[in-house]
file my_file_18.pdb (PDB, C-alpha atoms, pLDDT in the B column)
ATOM      1  CA  MET A  29      32.813 108.343 102.089  1.00 56.00           C
ATOM      2  CA  LYS A  30      34.472 111.467 103.385  1.00 60.00           C
ATOM      3  CA  GLU A  31      37.741 111.310 105.289  1.00 72.00           C
ATOM      4  CA  GLU A  32      36.250 113.410 108.087  1.00 86.00           C
ATOM      5  CA  MET A  33      32.666 113.563 109.259  1.00 89.00           C
ATOM      6  CA  THR A  34      30.804 116.555 110.611  1.00 95.00           C
ATOM      7  CA  LEU A  35      27.775 116.293 112.839  1.00 96.00           C
ATOM      8  CA  ARG A  36      25.704 117.509 109.853  1.00 97.00           C
ATOM      9  CA  ASP A  37      27.097 114.576 107.806  1.00 95.00           C
ATOM     10  CA  ILE A  38      25.993 112.190 110.560  1.00 96.00           C
ATOM     11  CA  ALA A  39      22.513 113.778 110.695  1.00 97.00           C
ATOM     12  CA  ASP A  40      22.174 113.564 106.903  1.00 95.00           C
ATOM     13  CA  TYR A  41      23.223 109.908 106.908  1.00 94.00           C
ATOM     14  CA  LEU A  42      20.727 109.086 109.681  1.00 96.00           C
ATOM     15  CA  ASP A  43      17.987 110.838 107.684  1.00 95.00           C
ATOM     16  CA  HIS A  44      19.003 108.727 104.651  1.00 92.00           C
ATOM     17  CA  THR A  45      18.723 105.442 106.563  1.00 92.00           C
ATOM     18  CA  GLY A  46      15.273 106.292 107.909  1.00 88.00           C
ATOM     19  CA  VAL A  47      15.133 103.905 110.864  1.00 93.00           C
ATOM     20  CA  GLN A  48      18.075 102.999 113.040  1.00 97.00           C
ATOM     21  CA  PHE A  49      18.360 100.530 115.903  1.00 98.00           C
ATOM     22  CA  MET A  50      19.156 101.714 119.414  1.00 98.00           C
ATOM     23  CA  ALA A  51      20.594  99.442 122.087  1.00 98.00           C
ATOM     24  CA  THR A  52      20.205 100.169 125.785  1.00 98.00           C
ATOM     25  CA  ILE A  53      20.749  98.267 128.997  1.00 97.00           C
ATOM     26  CA  GLY A  54      17.368  97.015 130.156  1.00 97.00           C
ATOM     27  CA  LEU A  55      16.112  97.376 133.690  1.00 97.00           C
ATOM     28  CA  ASP A  56      16.727  93.630 133.985  1.00 97.00           C
ATOM     29  CA  GLY A  57      20.427  94.167 133.110  1.00 96.00           C
ATOM     30  CA  LYS A  58      20.070  92.575 129.670  1.00 97.00           C
ATOM     31  CA  PRO A  59      20.633  94.399 126.369  1.00 97.00           C
ATOM     32  CA  LYS A  60      17.560  95.726 124.573  1.00 98.00           C
ATOM     33  CA  VAL A  61      17.473  96.745 120.903  1.00 98.00           C
ATOM     34  CA  ARG A  62      14.597  98.570 119.248  1.00 97.00           C
ATOM     35  CA  PRO A  63      13.928 100.647 116.151  1.00 96.00           C
ATOM     36  CA  MET A  64      14.491 104.349 116.676  1.00 96.00           C
ATOM     37  CA  GLN A  65      14.470 107.288 114.318  1.00 94.00           C
ATOM     38  CA  TYR A  66      16.794 110.269 114.474  1.00 95.00           C
ATOM     39  CA  MET A  67      14.627 113.386 114.373  1.00 95.00           C
ATOM     40  CA  VAL A  68      16.371 116.766 114.100  1.00 97.00           C
ATOM     41  CA  MET A  69      19.700 118.527 114.511  1.00 97.00           C
ATOM     42  CA  GLU A  70      19.373 121.708 116.560  1.00 96.00           C
ATOM     43  CA  ASP A  71      21.945 123.667 118.564  1.00 96.00           C
ATOM     44  CA  GLY A  72      24.687 121.355 117.275  1.00 96.00           C
ATOM     45  CA  LYS A  73      22.974 118.294 118.783  1.00 98.00           C
ATOM     46  CA  LEU A  74      21.235 115.209 117.409  1.00 98.00           C
ATOM     47  CA  TRP A  75      17.746 114.995 118.919  1.00 98.00           C
ATOM     48  CA  PHE A  76      15.451 111.999 119.362  1.00 97.00           C
ATOM     49  CA  CYS A  77      12.137 111.514 121.127  1.00 97.00           C
ATOM     50  CA  THR A  78      10.260 108.915 123.106  1.00 96.00           C
ATOM     51  CA  ASN A  79       7.312 108.507 125.440  1.00 95.00           C
ATOM     52  CA  SER A  80       7.888 108.555 129.202  1.00 97.00           C
ATOM     53  CA  ARG A  81       5.663 105.484 129.551  1.00 96.00           C
ATOM     54  CA  LYS A  82       7.960 103.341 127.392  1.00 96.00           C
ATOM     55  CA  GLU A  83      10.642 101.079 128.822  1.00 97.00           C
ATOM     56  CA  ILE A  84      13.369 102.886 126.868  1.00 98.00           C
ATOM     57  CA  TYR A  85      12.676 106.056 128.832  1.00 98.00           C
ATOM     58  CA  ALA A  86      13.109 104.265 132.172  1.00 98.00           C
ATOM     59  CA  GLU A  87      16.213 102.475 130.862  1.00 98.00           C
ATOM     60  CA  LEU A  88      17.863 105.711 129.724  1.00 98.00           C
ATOM     61  CA  GLN A  89      16.971 107.382 133.019  1.00 97.00           C
ATOM     62  CA  ALA A  90      18.698 104.545 134.885  1.00 97.00           C
ATOM     63  CA  ASN A  91      21.660 104.310 132.464  1.00 98.00           C
ATOM     64  CA  PRO A  92      21.965 106.946 129.717  1.00 98.00           C
ATOM     65  CA  CYS A  93      24.546 104.950 127.720  1.00 98.00           C
ATOM     66  CA  LEU A  94      23.371 103.665 124.360  1.00 98.00           C
ATOM     67  CA  GLU A  95      24.538 102.465 120.976  1.00 98.00           C
ATOM     68  CA  LEU A  96      22.902 103.276 117.679  1.00 98.00           C
ATOM     69  CA  CYS A  97      23.371 101.385 114.423  1.00 97.00           C
ATOM     70  CA  GLY A  98      21.804 101.820 111.013  1.00 95.00           C
ATOM     71  CA  CYS A  99      22.132 101.385 107.291  1.00 92.00           C
ATOM     72  CA  LYS A 100      20.070 101.406 104.153  1.00 89.00           C
ATOM     73  CA  LEU A 101      21.000  98.696 101.681  1.00 85.00           C
ATOM     74  CA  GLU A 102      22.130 100.282  98.424  1.00 83.00           C
ATOM     75  CA  GLN A 103      21.997  98.780  94.936  1.00 85.00           C
ATOM     76  CA  ASP A 104      25.760  98.157  95.137  1.00 80.00           C
ATOM     77  CA  GLU A 105      25.380  96.124  98.336  1.00 82.00           C
ATOM     78  CA  ILE A 106      29.067  95.745  99.142  1.00 79.00           C
ATOM     79  CA  GLN A 107      29.497  99.529  99.120  1.00 77.00           C
ATOM     80  CA  THR A 108      26.507 100.035 101.425  1.00 82.00           C
ATOM     81  CA  ALA A 109      27.563 102.416 104.178  1.00 87.00           C
ATOM     82  CA  TRP A 110      26.543 101.701 107.745  1.00 91.00           C
ATOM     83  CA  ILE A 111      26.941 103.668 110.936  1.00 95.00           C
ATOM     84  CA  ARG A 112      27.467 102.630 114.535  1.00 96.00           C
ATOM     85  CA  PHE A 113      28.206 104.810 117.516  1.00 98.00           C
ATOM     86  CA  SER A 114      27.964 104.996 121.272  1.00 98.00           C
ATOM     87  CA  ALA A 115      26.614 108.039 123.095  1.00 98.00           C
ATOM     88  CA  GLU A 116      24.811 109.228 126.196  1.00 98.00           C
ATOM     89  CA  ALA A 117      21.214 110.431 126.229  1.00 98.00           C
ATOM     90  CA  VAL A 118      20.449 113.773 127.849  1.00 98.00           C
ATOM     91  CA  PHE A 119      16.767 114.574 128.388  1.00 98.00           C
ATOM     92  CA  GLU A 120      15.777 118.209 128.253  1.00 97.00           C
ATOM     93  CA  GLU A 121      12.402 119.949 128.359  1.00 96.00           C
ATOM     94  CA  ARG A 122      12.424 121.871 125.042  1.00 96.00           C
ATOM     95  CA  GLN A 123       9.118 122.826 123.435  1.00 96.00           C
ATOM     96  CA  ASP A 124      10.939 124.178 120.355  1.00 97.00           C
ATOM     97  CA  ILE A 125      12.526 120.754 119.803  1.00 97.00           C
ATOM     98  CA  ARG A 126       9.189 118.992 120.329  1.00 95.00           C
ATOM     99  CA  ASP A 127       7.633 121.316 117.744  1.00 95.00           C
ATOM    100  CA  ALA A 128      10.469 120.739 115.253  1.00 96.00           C
ATOM    101  CA  ILE A 129      10.108 116.960 115.646  1.00 96.00           C
ATOM    102  CA  ILE A 130       6.317 117.076 115.283  1.00 95.00           C
ATOM    103  CA  ASP A 131       6.711 119.172 112.131  1.00 94.00           C
ATOM    104  CA  LYS A 132       9.315 116.805 110.635  1.00 94.00           C
ATOM    105  CA  SER A 133       8.016 113.339 111.464  1.00 92.00           C
ATOM    106  CA  ALA A 134       4.713 112.053 110.077  1.00 90.00           C
ATOM    107  CA  ILE A 135       4.542 109.412 112.824  1.00 89.00           C
ATOM    108  CA  VAL A 136       5.136 111.830 115.681  1.00 92.00           C
ATOM    109  CA  ASN A 137       2.800 114.357 114.048  1.00 90.00           C
ATOM    110  CA  ALA A 138       0.009 111.780 113.920  1.00 88.00           C
ATOM    111  CA  LEU A 139       0.510 111.014 117.627  1.00 88.00           C
ATOM    112  CA  TYR A 140       1.114 114.457 119.117  1.00 87.00           C
ATOM    113  CA  LYS A 141       0.032 117.218 116.701  1.00 84.00           C
ATOM    114  CA  ASP A 142      -2.881 118.193 118.924  1.00 86.00           C
ATOM    115  CA  MET A 143      -0.927 117.559 122.153  1.00 85.00           C
ATOM    116  CA  ARG A 144       2.380 119.354 121.540  1.00 84.00           C
ATOM    117  CA  ASP A 145       2.914 119.971 125.237  1.00 88.00           C
ATOM    118  CA  ASN A 146       1.841 116.520 126.450  1.00 92.00           C
ATOM    119  CA  PRO A 147       4.178 115.732 129.385  1.00 93.00           C
ATOM    120  CA  ILE A 148       4.718 112.115 128.265  1.00 94.00           C
ATOM    121  CA  PHE A 149       6.358 113.356 125.012  1.00 96.00           C
ATOM    122  CA  LYS A 150      10.078 113.497 125.872  1.00 97.00           C
ATOM    123  CA  VAL A 151      13.006 114.720 123.803  1.00 97.00           C
ATOM    124  CA  PHE A 152      16.660 113.942 124.280  1.00 98.00           C
ATOM    125  CA  TYR A 153      19.937 114.703 122.580  1.00 98.00           C
ATOM    126  CA  LEU A 154      23.130 112.702 122.385  1.00 98.00           C
ATOM    127  CA  LYS A 155      26.462 113.672 123.915  1.00 98.00           C
ATOM    128  CA  ASN A 156      29.859 111.968 123.877  1.00 98.00           C
ATOM    129  CA  ILE A 157      29.193 110.487 120.437  1.00 98.00           C
ATOM    130  CA  ASP A 158      31.969 108.122 119.343  1.00 98.00           C
ATOM    131  CA  GLY A 159      31.642 105.890 116.320  1.00 96.00           C
ATOM    132  CA  TRP A 160      32.332 104.847 112.774  1.00 94.00           C
ATOM    133  CA  LEU A 161      30.854 105.139 109.321  1.00 92.00           C
ATOM    134  CA  THR A 162      32.019 102.193 107.265  1.00 87.00           C
ATOM    135  CA  ASN A 163      30.708  99.894 104.525  1.00 82.00           C
ATOM    136  CA  LEU A 164      29.755  96.246 104.176  1.00 77.00           C
ATOM    137  CA  GLY A 165      32.848  95.591 102.033  1.00 72.00           C
ATOM    138  CA  ASN A 166      35.192  96.549 104.848  1.00 71.00           C
ATOM    139  CA  VAL A 167      35.802  93.290 106.684  1.00 66.00           C
ATOM    140  CA  LYS A 168      38.473  92.902 109.360  1.00 66.00           C
ATOM    141  CA  GLY A 169      40.947  90.185 108.513  1.00 58.00           C
ATOM    142  CA  LEU A 170      40.618  90.584 104.747  1.00 62.00           C
ATOM    143  CA  GLU A 171      42.937  92.654 102.580  1.00 60.00           C
ATOM    144  CA  ASN A 172      41.937  96.272 102.252  1.00 63.00           C
ATOM    145  CA  LYS A 173      40.559  96.758  98.791  1.00 64.00           C
ATOM    146  CA  ALA A 174      41.480 100.084  97.250  1.00 64.00           C
ATOM    147  CA  ASP A 175      38.105 100.374  95.529  1.00 64.00           C
ATOM    148  CA  PHE A 176      36.183 100.236  98.830  1.00 66.00           C
ATOM    149  CA  ALA A 177      35.616 103.369 100.867  1.00 69.00           C
ATOM    150  CA  GLN A 178      37.624 103.288 104.079  1.00 78.00           C
ATOM    151  CA  PRO A 179      36.001 103.532 107.527  1.00 85.00           C
ATOM    152  CA  VAL A 180      35.747 107.007 109.053  1.00 88.00           C
ATOM    153  CA  HIS A 181      35.963 107.498 112.804  1.00 92.00           C
ATOM    154  CA  PHE A 182      34.071 110.419 114.342  1.00 93.00           C
ATOM    155  CA  LYS A 183      33.797 111.833 117.838  1.00 95.00           C
ATOM    156  CA  PHE A 184      31.639 114.720 119.053  1.00 94.00           C
TER     157      PHE A 184
END
call {"tool": "encode", "arguments": {"input": "my_file_18.pdb", "output": "structure tokens"}}
result
Amino acid sequence: MKEEMTLRDIADYLDHTGVQFMATIGLDGKPKVRPMQYMVMEDGKLWFCTNSRKEIYAELQANPCLELCGCKLEQDEIQTAWIRFSAEAVFEERQDIRDAIIDKSAIVNALYKDMRDNPIFKVFYLKNIDGWLTNLGNVKGLENKADFAQPVHFKF
């Protein structure tokens, strides 16, 4: 792992993991976790998408705070990197971002390719990102092992 992370490094890692898990505060006040996929990096921002008829949209409208966590198990399991960060969702009406997401994601393309301007298709970026990239071998309370990559804190 690098000693410092750029936003591009974060985007590349999220692309590598494929699916991440996003936690929000539900409308009932209880935590909700669901699979989510990072989509594109544009204008120095990490962009995601959802459907305005889904609960996550209503949850993020009521409370934009979220956490995202993801990893992809590597052959050397103990060195598997994983990422976790908190952020705030900011929804913005951006057709260029919708188009970029539709062009990148096979799932979104299958759903919206013929409805690129469908008003239920919402895009949002993350601000106030604060988190860590670490690995499964880094366990608090155990001796640091020199052969394990050390955690990297990042904030954007």
call {"tool": "residues_around", "arguments": {"input": "my_file_18.pdb", "residues": "Met64 (chain A)", "least_positions_apart": "4", "cutoff": "7 Å", "atoms": "only C-alpha atoms", "output": "list of chain:residue names"}}
result
A:Val47, A:Gln48, A:Phe49, A:Met50
call {"tool": "write_last_selection", "arguments": {"input": "my_file_18.pdb", "atoms": "C-alpha atoms", "output": "compact mmCIF listing (two decimals), in the coordinates of the input"}}
result
# COMPACT_ATOMS: atom_id res chain seq x y z
CA VAL A 47 15.13 103.90 110.86
CA GLN A 48 18.08 103.00 113.04
CA PHE A 49 18.36 100.53 115.90
CA MET A 50 19.16 101.71 119.41
call {"tool": "closest_residue", "arguments": {"input": "my_file_18.pdb", "among": "A:Arg62, A:Lys150, A:Lys100, A:His181", "to": "Asp127 (chain A)", "atoms": "all atoms listed in the file"}}
result
A:Lys150
call {"tool": "atom_distance", "arguments": {"input": "my_file_18.pdb", "atom1": "CA of Thr34 (chain A)", "atom2": "CA of Phe184 (chain A)"}}
result
8.7 Å
call {"tool": "closest_residue", "arguments": {"input": "my_file_18.pdb", "among": "A:Pro179, A:Gly159, A:Pro147, A:Gly98", "to": "Thr45 (chain A)", "atoms": "all atoms listed in the file"}}
result
A:Gly98
call {"tool": "atom_distance", "arguments": {"input": "my_file_18.pdb", "atom1": "CA of Met33 (chain A)", "atom2": "CA of Ile130 (chain A)"}}
result
27.3 Å
call {"tool": "atom_distance", "arguments": {"input": "my_file_18.pdb", "atom1": "CA of Thr162 (chain A)", "atom2": "CA of Arg112 (chain A)"}}
result
8.6 Å
call {"tool": "residues_around", "arguments": {"input": "my_file_18.pdb", "residues": "region 77-87 of chain A", "least_positions_apart": "5", "cutoff": "6 Å", "atoms": "all atoms listed in the file", "output": "list of chain:residue names"}}
result
A:Gly54, A:Leu55, A:Ile148, A:Phe149, A:Lys150, A:Val151
call {"tool": "resolve_selection", "arguments": {"input": "my_file_18.pdb", "expression": "the PyMOL selection byres ((chain A and resi 125) around 10)", "output": "list in words"}}
result
Met67, Val68, Met69, Glu70, Asp71, Trp75, Phe76, Cys77, Glu120, Glu121, Arg122, Gln123, Asp124, Arg126, Asp127, Ala128, Ile129, Ile130, Asp131, Lys150, Val151, Phe152 and Tyr153 of chain A
call {"tool": "closest_residue", "arguments": {"input": "my_file_18.pdb", "among": "A:Glu95, A:Glu116, A:Asp40, A:Glu102", "to": "Val61 (chain A)", "atoms": "all atoms listed in the file"}}
result
A:Glu95
call {"tool": "closest_residue", "arguments": {"input": "my_file_18.pdb", "among": "A:Asn163, A:Ser133, A:Asn146, A:Gln178", "to": "Cys99 (chain A)", "atoms": "only C-alpha atoms"}}
result
A:Asn163
call {"tool": "resolve_selection", "arguments": {"input": "my_file_18.pdb", "expression": "the PyMOL selection byres ((chain A and resi 94) around 7)", "output": "VMD selection string"}}
result
chain A and resid 50 to 52 92 to 93 95 to 96 114 to 116
call {"tool": "resolve_selection", "arguments": {"input": "my_file_18.pdb", "expression": "the PyMOL selection byres ((chain A and resi 39) around 8)", "output": "list in words"}}
result
Leu35, Arg36, Asp37, Ile38, Asp40, Tyr41, Leu42, Asp43, Tyr66, Val68, Met69 and Leu74 of chain A
call {"tool": "residues_around", "arguments": {"input": "my_file_18.pdb", "residues": "Lys183 (chain A)", "least_positions_apart": "3", "cutoff": "8 Å", "atoms": "only C-alpha atoms", "output": "JSON list (two decimals) with C-alpha atoms, keeping the file's coordinate frame"}}
result
[["chain", "number", "residue", "atom", "x", "y", "z"],
["A", 156, "ASN", "CA", 29.86, 111.97, 123.88],
["A", 157, "ILE", "CA", 29.19, 110.49, 120.44],
["A", 158, "ASP", "CA", 31.97, 108.12, 119.34],
["A", 159, "GLY", "CA", 31.64, 105.89, 116.32]]
call {"tool": "residues_around", "arguments": {"input": "my_file_18.pdb", "residues": "Leu164 (chain A)", "least_positions_apart": "3", "cutoff": "7 Å", "atoms": "all atoms listed in the file", "output": "PDB file with C-alpha atoms, in the frame of the given file"}}
result
ATOM      1  CA  ILE A 106      29.067  95.745  99.142  1.00 79.00           C
ATOM      2  CA  GLN A 107      29.497  99.529  99.120  1.00 77.00           C
ATOM      3  CA  THR A 108      26.507 100.035 101.425  1.00 82.00           C
ATOM      4  CA  ALA A 109      27.563 102.416 104.178  1.00 87.00           C
TER       5      ALA A 109
END
call {"tool": "closest_residue", "arguments": {"input": "my_file_18.pdb", "among": "A:Val180, A:Leu101, A:Ile135, A:Val118", "to": "Lys73 (chain A)", "atoms": "all atoms listed in the file"}}
result
A:Val118
